[in-house]
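Trainee: First the structure, which I've put down as structure tokens, then a few questions once you've had a look.
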Amino acid sequence: MTMRTLTPPDTEVIVTGRPASRRTRQLRKAGEAYVFLSPTLILLFVLMIVPIVMVIGYSFQDNVILNKSPEVVGVDNYVAILTDPGFWKATGNTLFFTLTSVAAHLVLGLSFALLLNSRLVGAVPRAVFRGLYVLPWLFTVAVIAVLWRMLLAPNGIVNFLLNTNIEWLASPQLALGTVTFINIWAGYPFFMVSLLAGLQGIPSDLYEAATVDGASPVQRFWNVTVPQLRPIIVSLVLLDLIWTSQQFALIWLTTGGGPIDVTEMLSTFTYKLAFAKYDFSMASTSAVLVLAMSMIIAVLYVRHQKARD
């Protein structure tokens, strides 16, 4: 007659026959997790960490890429880029473009979300409005750029309806405002969908209690809706600041940073330094400065997310 020793299902037996310690099991589970994550971690290291380190190194050298033996110049590139009027012009344009777009995204997104969440709108009109409002989100940046270039052309439908002959994207007075408007039109659905989900998650008991206390619709909005949506609003604003400040494709495909430098952004300014002037050292320096600005916003976003958790 043979005897079998039964072990609990969560107890692992190693070669010596003794149960594995809790510490060993934790290390083994952590090792398994890192094995599954390793392909993604390797890709991140090769495609993101290595290029960032290389660009930072290039920013401290002179005439990289084209010169086999570049010289280390310290912070001279940073002094040169920070004293370049073109850099500050691009920075000012980027600030206007970003802040105006984010503010408009928030206002339009919240307004349309409130409209779609309202009981005053019937089911059929609400479905139609949802389809119309989300429509800009379905287009790629290239399609949006080509679409608006056709609409805003001197012989386009916008000038036809307004009975004018305005060069919307070629006018030094109108180009920056025009590309900002296009970006607003393309980006507000992200805010609308996110805020609509937040509105639908607010308990109706809060509104009923506020109504019983005699609060007006405006008071209910500022004292119930806004506080409940504040975490979502802060997250959306920080994310949109990062995305919009790095917008390149829309600007490049509509105006290319022109006319002159009216719509020049930090992204197009850096691109031109590298691939128009072939000054890769200065382009790397500009890219590092843009990265530093973005990291500040990213740190604020991460801190906000931790505070929410």
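Each chain of the structure tokens is named A, B, ... in the order shown, its residues numbered from 1; ligands are numbered from 1 in display order.
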I want to know what sits within 12 Å of Ala287 in chain A, based on only C-alpha atoms, with residues of the same chain fewer than 3 positions away left out; could you give that as JSON, numbers by chain?
Mentor: {"A": [51, 52, 53, 54, 55, 56, 57, 58, 59, 77, 78, 81, 87, 246, 266, 267, 268, 269, 270, 271, 272, 273, 274, 280, 281, 282, 283, 284, 290, 291, 292, 293, 294]}
Trainee: Output N, CA and C atoms of each residue in that selection to a file, as an mmCIF file, in the first residue's frame.
Mentor:
data_model
loop_
_atom_site.group_PDB
_atom_site.id
_atom_site.type_symbol
_atom_site.label_atom_id
_atom_site.label_comp_id
_atom_site.auth_asym_id
_atom_site.auth_seq_id
_atom_site.Cartn_x
_atom_site.Cartn_y
_atom_site.Cartn_z
ATOM 1 N N PRO A 51 16.746 57.116 -28.548
ATOM 2 C CA PRO A 51 16.720 58.368 -29.313
ATOM 3 C C PRO A 51 16.769 59.617 -28.446
ATOM 4 N N ILE A 52 16.087 59.592 -27.311
ATOM 5 C CA ILE A 52 16.102 60.770 -26.428
ATOM 6 C C ILE A 52 17.514 61.029 -25.913
ATOM 7 N N VAL A 53 18.191 59.981 -25.492
ATOM 8 C CA VAL A 53 19.563 60.141 -25.007
ATOM 9 C C VAL A 53 20.478 60.645 -26.120
ATOM 10 N N MET A 54 20.303 60.123 -27.334
ATOM 11 C CA MET A 54 21.121 60.570 -28.463
ATOM 12 C C MET A 54 20.887 62.046 -28.772
ATOM 13 N N VAL A 55 19.618 62.473 -28.768
ATOM 14 C CA VAL A 55 19.304 63.867 -29.065
ATOM 15 C C VAL A 55 19.879 64.789 -27.992
ATOM 16 N N ILE A 56 19.780 64.383 -26.744
ATOM 17 C CA ILE A 56 20.374 65.194 -25.670
ATOM 18 C C ILE A 56 21.885 65.308 -25.872
ATOM 19 N N GLY A 57 22.524 64.214 -26.266
ATOM 20 C CA GLY A 57 23.958 64.271 -26.537
ATOM 21 C C GLY A 57 24.285 65.166 -27.716
ATOM 22 N N TYR A 58 23.457 65.109 -28.771
ATOM 23 C CA TYR A 58 23.672 65.966 -29.935
ATOM 24 C C TYR A 58 23.564 67.450 -29.569
ATOM 25 N N SER A 59 22.708 67.768 -28.602
ATOM 26 C CA SER A 59 22.496 69.178 -28.265
ATOM 27 C C SER A 59 23.726 69.822 -27.635
ATOM 28 N N ASN A 77 24.976 75.808 -27.728
ATOM 29 C CA ASN A 77 23.773 75.634 -28.546
ATOM 30 C C ASN A 77 22.529 76.152 -27.832
ATOM 31 N N TYR A 78 22.474 75.946 -26.524
ATOM 32 C CA TYR A 78 21.318 76.420 -25.764
ATOM 33 C C TYR A 78 21.306 77.946 -25.702
ATOM 34 N N ILE A 81 20.128 79.104 -29.200
ATOM 35 C CA ILE A 81 18.708 78.901 -29.493
ATOM 36 C C ILE A 81 17.834 79.813 -28.643
ATOM 37 N N PHE A 87 13.028 81.398 -32.483
ATOM 38 C CA PHE A 87 12.588 80.454 -31.456
ATOM 39 C C PHE A 87 11.490 81.075 -30.594
ATOM 40 N N GLN A 246 2.371 70.088 -29.217
ATOM 41 C CA GLN A 246 3.247 69.321 -30.101
ATOM 42 C C GLN A 246 2.616 69.084 -31.474
ATOM 43 N N LEU A 266 6.734 75.524 -32.478
ATOM 44 C CA LEU A 266 7.986 74.916 -32.046
ATOM 45 C C LEU A 266 8.267 73.624 -32.796
ATOM 46 N N SER A 267 7.221 72.894 -33.128
ATOM 47 C CA SER A 267 7.405 71.637 -33.856
ATOM 48 C C SER A 267 7.919 71.892 -35.267
ATOM 49 N N THR A 268 7.313 72.844 -35.985
ATOM 50 C CA THR A 268 7.756 73.137 -37.349
ATOM 51 C C THR A 268 9.104 73.850 -37.340
ATOM 52 N N PHE A 269 9.358 74.677 -36.319
ATOM 53 C CA PHE A 269 10.646 75.358 -36.194
ATOM 54 C C PHE A 269 11.775 74.342 -36.040
ATOM 55 N N THR A 270 11.556 73.341 -35.197
ATOM 56 C CA THR A 270 12.559 72.304 -34.987
ATOM 57 C C THR A 270 12.749 71.461 -36.240
ATOM 58 N N TYR A 271 11.657 71.137 -36.900
ATOM 59 C CA TYR A 271 11.736 70.336 -38.127
ATOM 60 C C TYR A 271 12.538 71.059 -39.203
ATOM 61 N N LYS A 272 12.300 72.343 -39.374
ATOM 62 C CA LYS A 272 13.010 73.101 -40.400
ATOM 63 C C LYS A 272 14.503 73.214 -40.087
ATOM 64 N N LEU A 273 14.837 73.346 -38.794
ATOM 65 C CA LEU A 273 16.251 73.389 -38.432
ATOM 66 C C LEU A 273 16.960 72.103 -38.871
ATOM 67 N N ALA A 274 16.264 70.976 -38.715
ATOM 68 C CA ALA A 274 16.901 69.695 -39.026
ATOM 69 C C ALA A 274 16.899 69.386 -40.509
ATOM 70 N N PHE A 280 21.497 69.950 -37.368
ATOM 71 C CA PHE A 280 20.944 68.951 -36.453
ATOM 72 C C PHE A 280 21.282 69.247 -34.998
ATOM 73 N N SER A 281 22.367 69.931 -34.740
ATOM 74 C CA SER A 281 22.712 70.283 -33.363
ATOM 75 C C SER A 281 21.698 71.259 -32.784
ATOM 76 N N MET A 282 21.375 72.309 -33.540
ATOM 77 C CA MET A 282 20.394 73.277 -33.075
ATOM 78 C C MET A 282 18.995 72.659 -33.022
ATOM 79 N N ALA A 283 18.697 71.790 -33.973
ATOM 80 C CA ALA A 283 17.400 71.111 -33.951
ATOM 81 C C ALA A 283 17.280 70.225 -32.710
ATOM 82 N N SER A 284 18.356 69.539 -32.362
ATOM 83 C CA SER A 284 18.356 68.712 -31.152
ATOM 84 C C SER A 284 18.181 69.572 -29.913
ATOM 85 N N VAL A 290 11.791 71.647 -25.971
ATOM 86 C CA VAL A 290 10.379 71.271 -26.091
ATOM 87 C C VAL A 290 10.058 70.086 -25.185
ATOM 88 N N LEU A 291 10.979 69.121 -25.126
ATOM 89 C CA LEU A 291 10.793 67.972 -24.247
ATOM 90 C C LEU A 291 10.714 68.401 -22.792
ATOM 91 N N ALA A 292 11.571 69.342 -22.390
ATOM 92 C CA ALA A 292 11.553 69.817 -21.009
ATOM 93 C C ALA A 292 10.220 70.493 -20.672
ATOM 94 N N MET A 293 9.711 71.307 -21.601
ATOM 95 C CA MET A 293 8.412 71.947 -21.380
ATOM 96 C C MET A 293 7.303 70.910 -21.258
ATOM 97 N N SER A 294 7.332 69.916 -22.119
ATOM 98 C CA SER A 294 6.304 68.872 -22.086
ATOM 99 C C SER A 294 6.392 68.049 -20.808
#
Trainee: Write out as CSV a residue-level contact list of range 183-301 of chain A versus range 115-136 of chain A with cut-off 9 Å: for each qualifying residue the closest pair of atoms and the distance in Å to one decimal, counting only C-alpha atoms, rows sorted by chain and residue number upward.
Mentor:
residue,atom,partner,partner_atom,distance
A:Trp185,CA,A:Pro136,CA,6.9
A:Ala186,CA,A:Pro136,CA,5.2
A:Gly187,CA,A:Pro136,CA,7.5
A:Tyr188,CA,A:Pro136,CA,8.4
A:Pro189,CA,A:Val134,CA,5.4
A:Phe190,CA,A:Val134,CA,8.3
A:Met192,CA,A:Val134,CA,8.3
A:Val193,CA,A:Val134,CA,8.0
A:Leu196,CA,A:Asn117,CA,6.8
A:Leu199,CA,A:Asn117,CA,7.2
A:Gln200,CA,A:Asn117,CA,7.2
Trainee: From the options A:Leu151, A:Leu229, A:Val75, A:Val179, which residue's atoms come nearest to Ser101 in chain A, counting only C-alpha atoms?
Mentor: A:Val179
Trainee: I'd like the neighbourhood of Thr263 in chain A as a VMD selection string, where a residue qualifies if any of its atoms comes within 6 Å (using only C-alpha atoms), though same-chain residues fewer than 3 positions away should be ignored.
Mentor: chain A and resid 176 257 to 258
Trainee: Take the residues from that selection and write them out as a PDB file, in the first residue's frame, keeping N, CA and C atoms.
Mentor:
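Final output, saved to part-v8.pdb:
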ATOM      1  N   LEU A 176      -2.853  82.539 -38.455  1.00  0.00           N
ATOM      2  CA  LEU A 176      -2.743  81.897 -37.134  1.00  0.00           C
ATOM      3  C   LEU A 176      -4.118  81.626 -36.542  1.00  0.00           C
ATOM      4  N   GLY A 257       3.943  76.550 -41.597  1.00  0.00           N
ATOM      5  CA  GLY A 257       4.571  77.532 -40.725  1.00  0.00           C
ATOM      6  C   GLY A 257       4.507  78.942 -41.263  1.00  0.00           C
ATOM      7  N   GLY A 258       4.030  79.119 -42.476  1.00  0.00           N
ATOM      8  CA  GLY A 258       3.942  80.439 -43.086  1.00  0.00           C
ATOM      9  C   GLY A 258       2.551  81.031 -42.922  1.00  0.00           C
TER      10      GLY A 258
END
Trainee: Can you pull out the residues contacting Ala170 in chain A? Cut-off 12 Å, using only C-alpha atoms, and skip same-chain residues under 5 positions away; I want them as a list of chain:residue names.
Mentor: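 The neighbour list is A:Arg149, A:Leu152, A:Ala153, A:Pro154, A:Asn165, A:Ala175, A:Leu176, A:Gly177, A:Thr178, A:Val179, A:Thr254, A:Thr255, A:Gly256, A:Gly257, A:Gly258, A:Pro259, A:Ile260, A:Asp261, A:Val262, A:Thr263.
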Trainee: Grab the CA of Thr225 in chain A to CA of Ala113 in chain A distance for me, in Å with one decimal place.
Mentor: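 Straight-line distance from CA of Thr225 in chain A to CA of Ala113 in chain A works out to 11.7 Å.
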Trainee: Here is a test: counting only C-alpha atoms, which residue of A:Ile202, A:Trp148, A:Asp279, A:Ala103 is nearest to Asn67 in chain A?
Mentor: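 Ranking A:Ile202, A:Trp148, A:Asp279, A:Ala103 by distance to Asn67 in chain A, first place goes to A:Asp279.
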Trainee: Quick one: distance from CA of Leu106 in chain A to CA of Leu236 in chain A in Å, one decimal?
Mentor: 8.4 Å
Trainee: Quick check for you: according to DSSP on this backbone, which residues of range 12-228 of chain A are classed as helix (DSSP H, G or I)? Reply as a PyMOL selection string.
Mentor: chain A and resi 22-58+76-82+85-117+123-138+141-151+157-162+175-200+204-212+217-228
Trainee: Would you please give, as a ChimeraX atom specification, all residues of range 33-253 of chain A that DSSP assigns to strand (DSSP E or B) based on the backbone?
Mentor: /A:61-62,71-72
Trainee: Determine the nearest neighbour of Phe181 in chain A from the options A:Leu27, A:Val73, A:Leu206, A:Ala104, counting only C-alpha atoms.
Mentor: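 Smallest separation from Phe181 in chain A among the options: A:Ala104.
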